[in-house]
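One file, target-v9.txt, carrying compact mmCIF, C-alpha atoms:
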```
# COMPACT_ATOMS: atom_id res chain seq x y z
CA MET D 392 106.73 89.52 115.93
CA ARG D 393 104.87 86.62 117.57
CA ILE D 394 101.10 86.09 117.27
CA LEU D 395 99.55 85.33 120.66
CA ASP D 396 95.96 85.33 119.38
CA GLY D 397 94.94 85.64 115.75
CA GLY D 398 91.73 87.54 116.48
CA LEU D 399 88.73 86.86 114.28
CA VAL D 400 90.41 87.00 110.84
CA THR D 401 93.92 88.44 110.52
CA THR D 402 95.96 88.18 107.32
CA VAL D 403 99.11 89.67 105.83
CA GLN D 404 98.25 92.10 103.01
CA ASP D 405 99.95 94.70 100.83
CA THR D 406 98.78 96.81 97.89
CA GLY D 407 97.95 93.71 95.88
CA ARG D 408 99.02 91.04 93.40
CA HIS D 409 98.61 92.84 90.11
CA GLY D 410 99.11 91.74 86.52
CA HIS D 411 97.61 88.24 86.74
CA TYR D 412 93.89 88.91 86.37
CA HIS D 413 93.91 87.38 82.88
CA ILE D 414 94.78 83.98 84.35
CA GLY D 415 92.08 84.18 87.01
CA MET D 416 94.20 85.54 89.86
CA PRO D 417 92.50 88.40 91.74
CA PRO D 418 94.61 91.20 93.22
CA SER D 419 93.94 90.44 96.91
CA GLY D 420 95.70 93.09 99.02
CA ALA D 421 94.34 95.39 101.70
CA MET D 422 90.58 95.91 101.52
CA ASP D 423 91.00 99.49 102.76
CA GLN D 424 93.92 100.79 100.72
CA PHE D 425 93.80 104.25 102.33
CA ALA D 426 94.28 102.90 105.85
CA HIS D 427 96.97 100.47 104.68
CA LYS D 428 99.01 103.11 102.84
CA VAL D 429 98.75 105.74 105.57
CA GLY D 430 99.79 103.18 108.19
CA ASN D 431 102.93 102.43 106.21
CA TRP D 432 103.78 106.10 105.73
CA LEU D 433 103.39 106.76 109.45
CA VAL D 434 106.25 104.35 110.21
CA GLY D 435 108.50 105.34 107.31
CA ASN D 436 107.63 102.41 105.04
CA ASP D 437 106.87 102.32 101.36
CA GLU D 438 103.11 102.11 100.78
CA SER D 439 103.53 98.67 99.19
CA ASP D 440 105.06 97.09 102.32
CA ALA D 441 103.00 94.37 103.99
CA THR D 442 100.77 95.07 106.99
CA LEU D 443 98.38 92.99 109.09
CA GLU D 444 94.70 93.36 108.17
CA MET D 445 92.44 92.56 111.13
CA THR D 446 88.68 92.10 110.76
CA TYR D 447 86.25 93.08 113.54
CA MET D 448 88.61 91.96 116.31
CA GLY D 449 92.37 92.40 116.19
CA ALA D 450 95.16 89.98 116.91
CA ASN D 451 97.25 90.05 120.08
CA VAL D 452 100.95 90.24 119.22
CA GLU D 453 104.25 90.28 121.07
CA PHE D 454 107.13 92.32 119.71
CA GLU D 455 110.33 90.29 120.01
CA GLU D 456 112.44 93.35 119.11
CA ASP D 457 112.08 97.10 119.56
CA ALA D 458 109.73 98.40 116.86
CA VAL D 459 107.90 101.46 115.58
CA PHE D 460 104.32 100.70 114.58
CA ALA D 461 101.00 102.36 113.75
CA VAL D 462 97.39 101.19 113.87
CA THR D 463 94.97 102.64 111.32
CA GLY D 464 91.48 101.91 110.01
CA ALA D 465 88.64 100.76 112.25
CA ASP D 466 88.98 101.66 115.93
CA MET D 467 89.71 98.45 117.84
CA GLU D 468 90.88 100.29 120.97
CA PRO D 469 94.52 99.11 120.81
CA SER D 470 96.55 98.81 124.01
CA LEU D 471 100.29 98.39 124.47
CA GLU D 472 101.12 96.64 127.72
CA ASP D 473 97.49 97.26 128.76
CA GLU D 474 97.85 101.01 128.23
CA PRO D 475 95.59 102.58 125.54
CA ILE D 476 97.45 104.02 122.56
CA PRO D 477 96.24 106.42 119.85
CA THR D 478 95.36 105.22 116.36
CA TRP D 479 96.66 106.85 113.15
CA THR D 480 99.87 107.61 115.12
CA ALA D 481 103.41 106.18 115.13
CA VAL D 482 104.17 104.45 118.45
CA ARG D 483 107.26 102.68 119.85
CA ALA D 484 107.17 99.18 121.29
CA GLU D 485 110.00 97.71 123.36
CA ALA D 486 111.14 94.11 122.97
CA GLY D 487 108.70 91.91 124.89
CA ASP D 488 105.81 94.37 124.74
CA THR D 489 102.35 93.00 123.94
CA LEU D 490 99.88 94.80 121.69
CA SER D 491 96.21 93.86 122.11
CA PHE D 492 92.88 94.87 120.60
CA GLU D 493 89.16 94.83 121.37
CA PHE D 494 86.18 94.51 119.02
CA ALA D 495 85.91 97.31 116.49
CA THR D 496 83.69 100.14 117.65
CA GLU D 497 83.51 101.80 114.23
CA GLY D 498 84.35 100.29 110.87
CA ALA D 499 85.26 96.66 110.25
CA ARG D 500 88.98 96.44 109.41
CA SER D 501 92.07 97.70 111.17
CA TYR D 502 95.69 97.70 109.95
CA LEU D 503 98.91 97.17 111.86
CA ALA D 504 101.94 98.61 110.10
CA VAL D 505 105.43 97.97 111.52
CA ALA D 506 108.55 99.85 110.45
CA GLY D 507 110.33 97.58 107.97
CA GLY D 508 107.14 95.82 106.93
CA ILE D 509 106.13 92.17 107.35
CA ASP D 510 109.09 90.59 105.56
CA ILE D 511 107.73 87.32 104.21
CA GLU D 512 108.55 85.84 100.81
CA PRO D 513 106.48 87.37 97.97
CA VAL D 514 104.37 85.08 95.78
CA MET D 515 103.77 86.30 92.22
CA GLY D 516 105.13 89.70 93.20
CA SER D 517 103.04 90.22 96.34
CA ARG D 518 103.01 89.32 100.02
CA SER D 519 99.20 89.44 100.12
CA THR D 520 97.32 86.43 101.45
CA TYR D 521 94.80 84.75 99.13
CA THR D 522 93.19 82.21 101.40
CA LEU D 523 90.87 80.64 98.80
CA ILE D 524 93.81 78.80 97.25
CA GLY D 525 96.26 79.19 100.12
CA ILE D 526 99.02 81.35 98.66
CA GLY D 527 100.92 84.39 99.90
CA GLY D 528 101.02 85.81 103.38
CA HIS D 529 101.92 83.37 106.14
CA GLU D 530 101.33 79.87 104.75
CA GLY D 531 98.45 81.22 102.68
CA ARG D 532 96.10 81.43 105.67
CA SER D 533 94.77 83.56 108.50
CA LEU D 534 97.17 83.98 111.40
CA GLU D 535 97.01 81.75 114.48
CA ALA D 536 98.54 81.71 117.93
CA GLY D 537 102.21 80.73 117.74
CA ASP D 538 102.88 82.16 114.28
CA GLU D 539 106.08 84.20 114.01
CA LEU D 540 106.44 86.95 111.42
CA PRO D 541 109.79 88.42 110.39
CA ILE D 542 110.07 92.20 110.23
CA GLY D 543 112.19 93.91 107.57
CA GLU D 544 114.88 96.52 108.11
CA PRO D 545 113.28 99.84 109.09
CA SER D 546 114.05 102.93 107.05
CA ASP D 547 116.62 105.40 108.41
CA ASP D 548 113.88 107.84 109.42
CA ALA D 549 111.62 105.32 111.20
CA ASP D 550 112.58 106.65 114.67
CA ASP D 551 111.98 110.20 113.48
CA MET D 552 108.38 109.24 112.71
CA LEU D 553 107.58 108.54 116.37
CA GLY D 554 104.54 110.55 117.42
CA SER D 555 103.65 111.52 113.88
CA SER D 556 99.95 111.33 113.07
CA ILE D 557 97.43 112.62 110.58
CA ASP D 558 94.86 115.30 111.30
CA GLU D 559 91.39 114.25 112.41
CA ALA D 560 90.00 115.92 109.28
CA ASP D 561 92.08 113.62 107.07
CA ARG D 562 90.84 110.43 108.73
CA PRO D 563 88.02 108.54 106.98
CA ASP D 564 84.46 108.73 108.22
CA TYR D 565 83.35 105.11 108.49
CA SER D 566 79.73 106.10 109.05
CA THR D 567 79.35 106.95 105.35
CA THR D 568 76.38 105.10 103.84
CA GLU D 569 76.35 106.31 100.22
CA ILE D 570 78.47 104.39 97.71
CA ASN D 571 79.00 105.78 94.20
CA VAL D 572 78.76 103.30 91.32
CA VAL D 573 79.08 103.39 87.55
CA MET D 574 76.16 101.48 86.07
CA GLY D 575 77.07 98.66 83.65
CA LEU D 576 78.41 96.43 82.19
CA CYS D 577 75.07 94.66 81.87
CA ASP D 578 72.50 97.00 83.40
CA TYR D 579 70.77 96.93 80.00
CA ARG D 580 69.23 93.69 81.26
CA LEU D 581 67.24 95.69 83.84
CA THR D 582 64.08 97.57 82.99
CA ASP D 583 64.09 101.30 83.70
CA GLU D 584 61.94 100.58 86.75
CA GLY D 585 64.33 97.85 87.88
CA ARG D 586 67.34 100.16 87.56
CA GLN D 587 65.58 102.83 89.58
CA ARG D 588 64.47 100.34 92.23
CA PHE D 589 68.07 99.22 92.61
CA LEU D 590 69.30 102.80 93.09
CA ASP D 591 66.43 103.89 95.37
CA ALA D 592 66.58 100.93 97.74
CA ASP D 593 68.28 100.74 101.11
CA TRP D 594 70.57 97.70 100.98
CA LYS D 595 71.63 95.91 104.18
CA VAL D 596 75.00 94.16 104.40
CA SER D 597 74.20 90.50 105.05
CA ASP D 598 76.09 88.00 107.19
CA GLU D 599 77.79 86.86 103.98
CA ALA D 600 80.31 89.68 103.66
CA ASP D 601 84.03 88.98 103.46
CA ARG D 602 87.11 89.52 101.30
CA VAL D 603 85.51 87.60 98.42
CA GLY D 604 82.26 89.54 98.24
CA TYR D 605 79.56 91.48 100.07
CA ARG D 606 76.03 90.11 99.70
CA PHE D 607 73.21 92.57 100.34
CA GLU D 608 69.62 92.13 101.46
CA GLY D 609 66.80 94.31 100.14
CA PRO D 610 63.91 94.37 97.67
CA ASP D 611 63.60 91.61 95.09
CA ILE D 612 64.33 93.05 91.65
CA THR D 613 64.59 89.78 89.73
CA ASP D 614 61.14 90.53 88.27
CA MET D 615 62.56 93.76 86.84
CA PHE D 616 64.65 92.22 84.06
CA GLU D 617 63.92 92.71 80.38
CA GLU D 618 62.26 89.64 78.89
CA ARG D 619 64.31 87.86 76.25
CA GLU D 620 65.20 84.44 74.89
CA GLN D 621 68.44 83.51 76.61
CA PRO D 622 71.32 83.40 74.08
CA PHE D 623 73.45 80.33 73.49
CA GLY D 624 76.01 80.00 76.27
CA ALA D 625 73.93 81.77 78.92
CA GLY D 626 72.19 79.96 81.76
CA THR D 627 68.42 79.67 81.98
CA ASP D 628 67.99 82.05 84.93
CA VAL D 629 66.93 85.61 84.16
CA THR D 630 70.09 86.88 85.89
CA ASN D 631 72.40 84.81 83.66
CA VAL D 632 74.44 86.17 80.77
CA VAL D 633 77.10 84.66 78.55
CA ASP D 634 80.23 84.44 80.71
CA LEU D 635 82.20 87.65 81.06
CA GLY D 636 85.00 89.12 83.14
CA TYR D 637 84.12 90.63 86.51
CA PRO D 638 85.83 93.90 87.44
CA VAL D 639 86.83 94.15 91.09
CA GLY D 640 83.97 96.02 92.73
CA SER D 641 81.39 94.85 90.20
CA ILE D 642 77.83 94.28 91.38
CA GLN D 643 76.37 90.90 90.47
CA MET D 644 72.67 90.22 90.59
CA ALA D 645 72.34 86.68 91.89
CA GLY D 646 68.93 86.98 93.49
CA GLN D 647 70.31 89.79 95.66
CA PRO D 648 73.28 92.06 94.84
CA ILE D 649 76.78 90.79 95.52
CA ILE D 650 79.70 93.22 95.28
CA LEU D 651 82.89 91.40 94.38
CA MET D 652 85.84 92.38 96.56
CA ARG D 653 89.60 91.88 96.34
CA ASP D 654 89.64 88.05 96.64
CA ALA D 655 86.73 87.45 94.23
CA VAL D 656 86.51 85.19 91.21
CA THR D 657 87.43 87.00 88.00
CA GLY D 658 84.59 85.94 85.71
CA GLY D 659 81.32 84.08 85.36
CA GLY D 660 77.78 84.17 84.07
CA TYR D 661 75.83 86.44 86.42
CA VAL D 662 74.69 89.84 85.20
CA THR D 663 76.76 92.75 86.52
CA VAL D 664 74.62 95.88 86.84
CA GLY D 665 77.27 98.28 88.10
CA THR D 666 80.77 98.73 89.50
CA VAL D 667 81.76 100.54 92.68
CA VAL D 668 84.04 103.52 92.02
CA SER D 669 87.49 102.28 93.02
CA PRO D 670 88.32 104.64 95.96
CA GLU D 671 84.94 103.91 97.53
CA ARG D 672 85.74 100.23 97.90
CA ASP D 673 87.71 101.40 100.95
CA ALA D 674 84.51 102.74 102.52
CA LEU D 675 82.61 99.61 101.52
CA ALA D 676 85.27 97.41 103.14
CA GLN D 677 84.60 99.23 106.42
CA CYS D 678 80.82 98.67 106.28
CA ARG D 679 79.77 96.38 109.11
CA THR D 680 77.37 93.45 108.88
CA HIS D 681 73.73 94.63 109.05
CA SER D 682 74.66 98.23 108.22
CA THR D 683 72.71 99.88 105.39
CA VAL D 684 74.09 101.53 102.24
CA ASP D 685 72.62 103.34 99.28
CA PHE D 686 74.02 103.27 95.76
CA ASN D 687 74.36 106.50 93.79
CA ALA D 688 74.91 106.36 90.02
CA VAL D 689 77.72 108.49 88.56
CA ASP D 690 79.15 108.58 85.04
CA VAL D 691 82.72 107.70 84.12
CA GLU D 692 83.95 111.30 84.22
CA GLU D 693 82.52 111.75 87.71
CA ALA D 694 84.13 108.49 88.78
CA LEU D 695 87.52 109.64 87.46
CA GLU D 696 87.14 112.91 89.35
CA ILE D 697 86.39 110.98 92.57
CA ARG D 698 89.59 109.02 91.98
CA ARG D 699 91.60 112.18 91.30
CA GLU D 700 90.32 113.72 94.52
CA ARG D 701 91.28 110.61 96.49
CA ASP D 702 94.77 110.59 94.93
CA GLU D 703 95.21 114.27 95.81
CA HIS D 704 94.03 113.60 99.37
CA LEU D 705 96.55 110.76 99.74
CA GLU D 706 99.32 112.99 98.37
CA THR D 707 98.42 115.73 100.85
CA VAL D 708 98.45 113.26 103.75
CA GLN D 709 101.81 111.84 102.71
CA GLU D 710 103.36 115.29 102.38
CA SER D 711 102.13 116.22 105.86
CA LEU D 712 104.15 113.46 107.52
```
Can I see the file as C-alpha cells?
Amino acid sequence: MRILDGGLVTTVQDTGRHGHYHIGMPPSGAMDQFAHKVGNWLVGNDESDATLEMTYMGANVEFEEDAVFAVTGADMEPSLEDEPIPTWTAVRAEAGDTLSFEFATEGARSYLAVAGGIDIEPVMGSRSTYTLIGIGGHEGRSLEAGDELPIGEPSDDADDMLGSSIDEADRPDYSTTEINVVMGLCDYRLTDEGRQRFLDADWKVSDEADRVGYRFEGPDITDMFEEREQPFGAGTDVTNVVDLGYPVGSIQMAGQPIILMRDAVTGGGYVTVGTVVSPERDALAQCRTHSTVDFNAVDVEEALEIRRERDEHLETVQESL
C-alpha cells in the first residue's frame, strides 16, 4: 500500500505496547480502541493487527495489490476511485485503486483496516507508533507521501467478509458530551467547592489536544485547593504534589485540566484529580477541538460495570460478523 498524501496526522497503530509502563513507556496504540478493533474484525483480522489512525483528515492511499479493507471511526467521507463507499463495512479494492478522504464531519479519528494488517516490524511487542521518541510504526513518525507499507497475509475468510458491516445501533455516537470519571488519586487537594466546580463546569477542548493529552478551557479552579505547607519533594505551586505515576486517562490540574492520553508521560508532579473510565477514552478521543464536555463522577464499581458493558457490546458486535 503506497501513501499518496499523509493527511493531517496518520500513524500506524494497534492495541498498544503493554507491559513497559514501569520504565516510562506509555502504551500508545489506537486512541479509539472500539473503532480499531471493529475495523479489524470486519476484514477478518485479529483485533491486535495494525491499522492506520487518521486524525481530522485522512490519508490518500494506493493499493498495489487486491485488498479487502474497512474504514471505521469518524466519518471522513471515504471514496474509492472517486466513488463514495460506506464506512463500518468491508470493501474490496483492486490493484491500482486509490482510496481518498475528506475532512471529518463527525468525530476526530478514523481507522483504515486492511485484511492481513499493516505488516511492519514490531518494536517492544507492538507495531504502534510513538512519535515522541520515534519508535514503532513506519520509521517512528507520521506517514508522508511516498511511504510504502507492507500488508500481511489475509485470513482464509477475508473474502467472505466482503459487504459485512455492523448495525447502525452498534456504531458509536460521537456527539456524546458526558465523560464518566473516577475521582482521585489526589482530589483530596481540592476543596469540596473546588471538586463541585470541576464537575459542574462545561469544559471546552482547546487547540492543544493530541495523542499525548487533551487540554481543556473553562473556569479557574486553582483558588479551590486546600491550603497546606508543601511537603518536601513537591513543587511550590498549589497544583504540585510529590511525584507520582500517572494512569492513562488521568486528569492533571496544571492551571487548566489536562487529560493524559495514550502517548502521555507516565509520571510527574502535577495533582491528578480524576481518571477517565477506560472505555470512555474512546469517546474522548473522538471529541473535536472546541467541542464541550462535562465530567460525571462515578465510583469504582460503576466504572467496572461500564467496562463490563463495553466488553459485552464488543463481544456482541464480533459475534454478529
Show which residues sit within 6 Å of region 443-457 of chain D, as a PyMOL selection string. Count only C-alpha atoms, and ignore same-chain residues fewer than 3 positions away. chain D and resi 392-403+484-495+499-503
Pick from D:Trp479, D:Phe623, D:Tyr521, D:Tyr661, whichever lies nearest to Phe425 (chain D) using all atoms listed in the file: D:Trp479
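Relative to CA of His704 (chain D), CA of Val482 (chain D) is found at 23.5 Å.
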Here is a test: counting all atoms listed in the file, which residue of D:Asp673, D:Gly636, D:Glu535, D:Gln643 is nearest to Gly658 (chain D)? D:Gly636
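If you measure from each of D:Pro513, D:Gly626, D:Gly575, D:Pro648 to Glu608 (chain D) using only C-alpha atoms, the closest one turns out to be D:Pro648.
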Residues near Thr567 (chain D), cut-off 12 Å, all atoms listed in the file, skip fewer than 4 positions along chain, as a PyMOL selection string: chain D and resi 497-498+563+571+671-679+682-686
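Among the candidates D:Trp594, D:Phe607, D:Tyr579, D:Tyr412, the one nearest to Val664 (chain D) when counting only C-alpha atoms is D:Tyr579.
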For CA of Asp550 (chain D) and CA of Val459 (chain D), the interatomic separation in Å (one decimal): 7.0 Å
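As for CA of Val639 (chain D) and CA of Thr663 (chain D), they are spaced 11.1 Å apart.
If you count all atoms listed in the file and draw a sphere of 7 Å around (71.1, 88.9, 92.4), the protein and nucleic acid residues inside it come out as Thr630, Gln643, Met644, Ala645, Gly646, Gln647, Pro648 and Ile649 of chain D.
In terms of minimum interatomic distance to Arg698 (chain D), D:Val667 ranks closest within D:Val429, D:Val667, D:Leu590, D:Val629, counting all atoms listed in the file.
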Do you know which residues are at most 7 Å from Arg408 (chain D) counting only C-alpha atoms, after dropping those on the same chain fewer than 2 positions away, and could you put them as a ChimeraX atom specification? /D:410,418-420,515-517,519
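The shell of residues at most 9 Å from Gly554 (chain D), with all atoms listed in the file counted and near chain neighbours (fewer than 2 positions) removed, consists of Leu433, Thr480, Ala481, Val482, Arg483, Asp551, Met552 and Ser556 of chain D.
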Long-range neighbours of Ala694 (chain D) as an MDAnalysis selection string, 10 Å cut-off, all atoms listed in the file, 3 positions minimum in chain: chainID D and resid 571:573 667:671 688:691 697:700
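Of the listed residues (D:Ser555, D:Thr627, D:Thr582, D:Ser470), D:Ser555 comes nearest to Trp432 (chain D); the distances count all atoms listed in the file.
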